[in-house]
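What's in entry-v1.txt: compact mmCIF, N, CA and C atoms
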# COMPACT_ATOMS: atom_id res chain seq x y z
N MET A 1162 0.84 -1.16 0.00
CA MET A 1162 0.00 0.00 0.00
C MET A 1162 0.89 1.24 0.00
N TYR A 1163 0.42 2.27 -0.66
CA TYR A 1163 1.18 3.52 -0.68
C TYR A 1163 0.98 4.26 0.63
N VAL A 1164 2.08 4.66 1.24
CA VAL A 1164 2.05 5.42 2.47
C VAL A 1164 2.17 6.90 2.14
N CYS A 1165 3.11 7.22 1.26
CA CYS A 1165 3.34 8.61 0.84
C CYS A 1165 2.93 8.75 -0.62
N LEU A 1166 1.82 9.39 -0.85
CA LEU A 1166 1.34 9.56 -2.22
C LEU A 1166 2.15 10.62 -2.97
N CYS A 1167 2.64 11.63 -2.26
CA CYS A 1167 3.40 12.71 -2.90
C CYS A 1167 4.66 12.18 -3.57
N ASN A 1168 5.32 11.21 -2.93
CA ASN A 1168 6.58 10.68 -3.44
C ASN A 1168 6.49 9.23 -3.88
N SER A 1169 5.29 8.69 -3.91
CA SER A 1169 5.05 7.30 -4.34
C SER A 1169 5.88 6.30 -3.55
N VAL A 1170 5.81 6.38 -2.23
CA VAL A 1170 6.56 5.47 -1.35
C VAL A 1170 5.57 4.49 -0.72
N SER A 1171 5.87 3.21 -0.87
CA SER A 1171 4.99 2.18 -0.32
C SER A 1171 5.51 1.70 1.04
N ASP A 1172 4.66 0.97 1.75
CA ASP A 1172 5.08 0.41 3.03
C ASP A 1172 6.20 -0.60 2.82
N LYS A 1173 6.19 -1.29 1.69
CA LYS A 1173 7.24 -2.25 1.38
C LYS A 1173 8.59 -1.55 1.25
N THR A 1174 8.61 -0.41 0.63
CA THR A 1174 9.85 0.36 0.48
C THR A 1174 10.38 0.79 1.83
N ILE A 1175 9.49 1.25 2.70
CA ILE A 1175 9.90 1.67 4.04
C ILE A 1175 10.44 0.48 4.82
N ARG A 1176 9.75 -0.64 4.76
CA ARG A 1176 10.19 -1.84 5.48
C ARG A 1176 11.56 -2.31 5.01
N GLN A 1177 11.78 -2.30 3.71
CA GLN A 1177 13.08 -2.71 3.17
C GLN A 1177 14.19 -1.77 3.63
N ALA A 1178 13.92 -0.48 3.64
CA ALA A 1178 14.93 0.49 4.08
C ALA A 1178 15.25 0.31 5.56
N VAL A 1179 14.23 0.04 6.36
CA VAL A 1179 14.44 -0.16 7.80
C VAL A 1179 15.26 -1.42 8.03
N ARG A 1180 14.96 -2.49 7.33
CA ARG A 1180 15.71 -3.73 7.50
C ARG A 1180 17.17 -3.56 7.08
N ARG A 1181 17.37 -2.82 6.01
CA ARG A 1181 18.72 -2.67 5.47
C ARG A 1181 19.57 -1.69 6.28
N TYR A 1182 19.02 -0.53 6.63
CA TYR A 1182 19.81 0.52 7.25
C TYR A 1182 19.57 0.68 8.75
N GLN A 1183 18.49 0.13 9.27
CA GLN A 1183 18.13 0.19 10.68
C GLN A 1183 18.21 1.61 11.26
N PRO A 1184 17.47 2.54 10.70
CA PRO A 1184 17.48 3.91 11.23
C PRO A 1184 16.85 3.94 12.62
N GLN A 1185 17.40 4.75 13.49
CA GLN A 1185 16.90 4.84 14.86
C GLN A 1185 15.94 6.02 15.04
N THR A 1186 15.92 6.94 14.10
CA THR A 1186 15.00 8.08 14.16
C THR A 1186 14.32 8.24 12.81
N PHE A 1187 13.23 9.00 12.84
CA PHE A 1187 12.52 9.26 11.59
C PHE A 1187 13.38 10.09 10.64
N GLN A 1188 14.17 10.99 11.19
CA GLN A 1188 15.08 11.80 10.36
C GLN A 1188 16.07 10.91 9.61
N GLN A 1189 16.57 9.89 10.27
CA GLN A 1189 17.48 8.96 9.61
C GLN A 1189 16.76 8.20 8.51
N LEU A 1190 15.53 7.81 8.75
CA LEU A 1190 14.75 7.11 7.72
C LEU A 1190 14.60 8.00 6.49
N ARG A 1191 14.37 9.28 6.71
CA ARG A 1191 14.20 10.21 5.59
C ARG A 1191 15.46 10.36 4.75
N ASN A 1192 16.62 10.00 5.29
CA ASN A 1192 17.84 10.01 4.50
C ASN A 1192 17.84 8.91 3.43
N PHE A 1193 17.07 7.86 3.68
CA PHE A 1193 17.04 6.71 2.78
C PHE A 1193 15.78 6.64 1.93
N VAL A 1194 14.68 7.20 2.44
CA VAL A 1194 13.39 7.13 1.75
C VAL A 1194 12.76 8.53 1.76
N PRO A 1195 12.35 9.03 0.61
CA PRO A 1195 11.75 10.37 0.57
C PRO A 1195 10.31 10.38 1.08
N VAL A 1196 10.17 10.29 2.37
CA VAL A 1196 8.84 10.23 2.97
C VAL A 1196 8.67 11.44 3.89
N GLY A 1197 7.49 12.04 3.85
CA GLY A 1197 7.20 13.17 4.72
C GLY A 1197 7.87 14.47 4.31
N THR A 1198 8.21 14.60 3.05
CA THR A 1198 8.91 15.80 2.60
C THR A 1198 7.99 16.82 1.92
N GLN A 1199 6.75 16.43 1.63
CA GLN A 1199 5.82 17.33 0.95
C GLN A 1199 4.72 17.79 1.91
N CYS A 1200 3.62 17.10 1.90
CA CYS A 1200 2.46 17.54 2.70
C CYS A 1200 2.53 17.07 4.15
N GLY A 1201 3.23 15.97 4.42
CA GLY A 1201 3.40 15.49 5.79
C GLY A 1201 2.31 14.58 6.31
N LYS A 1202 1.31 14.26 5.50
CA LYS A 1202 0.21 13.41 5.97
C LYS A 1202 0.65 11.96 6.22
N CYS A 1203 1.78 11.57 5.67
CA CYS A 1203 2.23 10.19 5.79
C CYS A 1203 3.16 9.97 6.98
N VAL A 1204 3.55 11.01 7.67
CA VAL A 1204 4.57 10.90 8.72
C VAL A 1204 4.17 9.92 9.81
N ARG A 1205 2.97 10.01 10.30
CA ARG A 1205 2.52 9.12 11.38
C ARG A 1205 2.55 7.66 10.94
N ALA A 1206 2.02 7.36 9.77
CA ALA A 1206 1.99 5.98 9.28
C ALA A 1206 3.41 5.47 9.01
N ALA A 1207 4.25 6.29 8.43
CA ALA A 1207 5.62 5.88 8.13
C ALA A 1207 6.40 5.62 9.42
N ARG A 1208 6.21 6.46 10.41
CA ARG A 1208 6.89 6.28 11.70
C ARG A 1208 6.43 4.97 12.36
N GLN A 1209 5.15 4.68 12.27
CA GLN A 1209 4.62 3.45 12.86
C GLN A 1209 5.18 2.22 12.15
N ILE A 1210 5.26 2.26 10.84
CA ILE A 1210 5.84 1.15 10.08
C ILE A 1210 7.30 0.96 10.47
N MET A 1211 8.04 2.05 10.60
CA MET A 1211 9.44 1.97 10.98
C MET A 1211 9.59 1.34 12.36
N GLU A 1212 8.79 1.77 13.33
CA GLU A 1212 8.87 1.22 14.68
C GLU A 1212 8.50 -0.26 14.71
N ASP A 1213 7.46 -0.63 13.97
CA ASP A 1213 7.05 -2.04 13.92
C ASP A 1213 8.16 -2.90 13.32
N GLU A 1214 8.77 -2.41 12.26
CA GLU A 1214 9.81 -3.18 11.58
C GLU A 1214 11.06 -3.28 12.45
N LEU A 1215 11.41 -2.23 13.17
CA LEU A 1215 12.58 -2.27 14.05
C LEU A 1215 12.40 -3.29 15.16
N GLN A 1216 11.18 -3.49 15.62
CA GLN A 1216 10.92 -4.48 16.66
C GLN A 1216 11.10 -5.91 16.14
N GLN A 1217 10.96 -6.10 14.84
CA GLN A 1217 11.09 -7.43 14.24
C GLN A 1217 12.55 -7.83 14.03
N ILE A 1218 13.46 -6.86 14.04
CA ILE A 1218 14.88 -7.13 13.78
C ILE A 1218 15.50 -7.69 15.06
N PRO A 1219 16.11 -8.87 14.99
CA PRO A 1219 16.71 -9.44 16.20
C PRO A 1219 17.97 -8.67 16.59
N GLU A 1220 18.18 -8.55 17.90
CA GLU A 1220 19.39 -7.89 18.38
C GLU A 1220 20.48 -8.95 18.52
N PHE A 1221 21.65 -8.59 18.04
CA PHE A 1221 22.78 -9.51 18.14
C PHE A 1221 23.59 -9.17 19.38
N LYS A 1222 23.92 -10.18 20.13
CA LYS A 1222 24.72 -10.02 21.35
C LYS A 1222 26.16 -10.46 21.06
N ASN A 1223 27.08 -9.84 21.71
CA ASN A 1223 28.47 -10.28 21.58
C ASN A 1223 28.64 -11.63 22.26
N ILE A 1224 29.20 -12.59 21.55
CA ILE A 1224 29.36 -13.94 22.10
C ILE A 1224 30.84 -14.22 22.26
N ALA A 1225 31.68 -13.62 22.65
CA ALA A 1225 33.06 -14.07 22.84
C ALA A 1225 33.89 -12.96 23.37
How does the structure come out when it is put into structure tokens?
Amino acid sequence: MYVCLCNSVSDKTIRQAVRRYQPQTFQQLRNFVPVGTQCGKCVRAARQIMEDELQQIPEFKNIA
């Protein structure tokens, strides 16, 4: 589904960027995906997708 209509960004694009770059803030996400740069109506949904996806990424612990 399209999250940002102004820049044609889908939820899949946001999820892929989060998995690949693991941004910790919305500003960091915007460095990789042009979301929330025009009207701003997508910011809340994009932030929620980013937070949901970050929770799915396993944390690696140092083992040695």
Point to revise | Point-to-point distance from atom C of Thr1174 (chain A) to CA of Val1194 (chain A), Å rounded to tenths | key: 7.0 Å
Check your understanding: Do you have the CA of Asp1213 (chain A)-CA of Gln1199 (chain A) distance handy?
Key -> 23.3 Å
Box in all listed atoms of region 1203-1206 of chain A, axis-aligned, with 5 Å more on each side; write out centre and edge lengths in Å to one decimal as AutoDock Vina command-line options.
--center_x 3.2 --center_y 8.5 --center_z 8.5 --size_x 12.8 --size_y 16.1 --size_z 15.7
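Taking all atoms listed in the file into account, Arg1176 (chain A) lies nearest to A:Met1211 out of the set A:Lys1202, A:Arg1191, A:Gln1217, A:Met1211.
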Review point. How would you write, as number ranges by chain, the set of residues in chain A that DSSP gives as alpha helix (DSSP H)?
Key: A: 1172-1182, 1187-1193, 1204-1217
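Take atom C of Arg1180 (chain A) and atom N of Thr1198 (chain A): the distance between them is 20.6 Å.
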Exercise for review: Could you find all residues in chain A that DSSP calls strand (DSSP E) from the backbone, and write them as an MDAnalysis selection string?
Suggested key: chainID A and resid 1163:1165 1170:1171
Practice item. Please return, as number ranges by chain, all polymer residues that have at least one atom within 6 Å of the point (4.9, -2.4, 1.9); use all atoms listed in the file and the file's own coordinate frame. Key: A: 1162, 1171-1176
With N, CA and C atoms retained, could you export that selection as a CSV table (one decimal), keeping the file's coordinate frame?
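For reference, part_9.csv as written:
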chain,number,residue,atom,x,y,z
A,1162,MET,N,0.8,-1.2,0.0
A,1162,MET,CA,0.0,0.0,0.0
A,1162,MET,C,0.9,1.2,0.0
A,1171,SER,N,5.9,3.2,-0.9
A,1171,SER,CA,5.0,2.2,-0.3
A,1171,SER,C,5.5,1.7,1.0
A,1172,ASP,N,4.7,1.0,1.8
A,1172,ASP,CA,5.1,0.4,3.0
A,1172,ASP,C,6.2,-0.6,2.8
A,1173,LYS,N,6.2,-1.3,1.7
A,1173,LYS,CA,7.2,-2.2,1.4
A,1173,LYS,C,8.6,-1.6,1.2
A,1174,THR,N,8.6,-0.4,0.6
A,1174,THR,CA,9.8,0.4,0.5
A,1174,THR,C,10.4,0.8,1.8
A,1175,ILE,N,9.5,1.2,2.7
A,1175,ILE,CA,9.9,1.7,4.0
A,1175,ILE,C,10.4,0.5,4.8
A,1176,ARG,N,9.8,-0.6,4.8
A,1176,ARG,CA,10.2,-1.8,5.5
A,1176,ARG,C,11.6,-2.3,5.0
**Study point:** Residue among A:Leu1215, A:Val1170, A:Ala1178, A:Val1204 lying closest to Asn1192 (chain A), counting only C-alpha atoms
**Key:**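 Among the listed residues, A:Ala1178 lies closest to Asn1192 (chain A).
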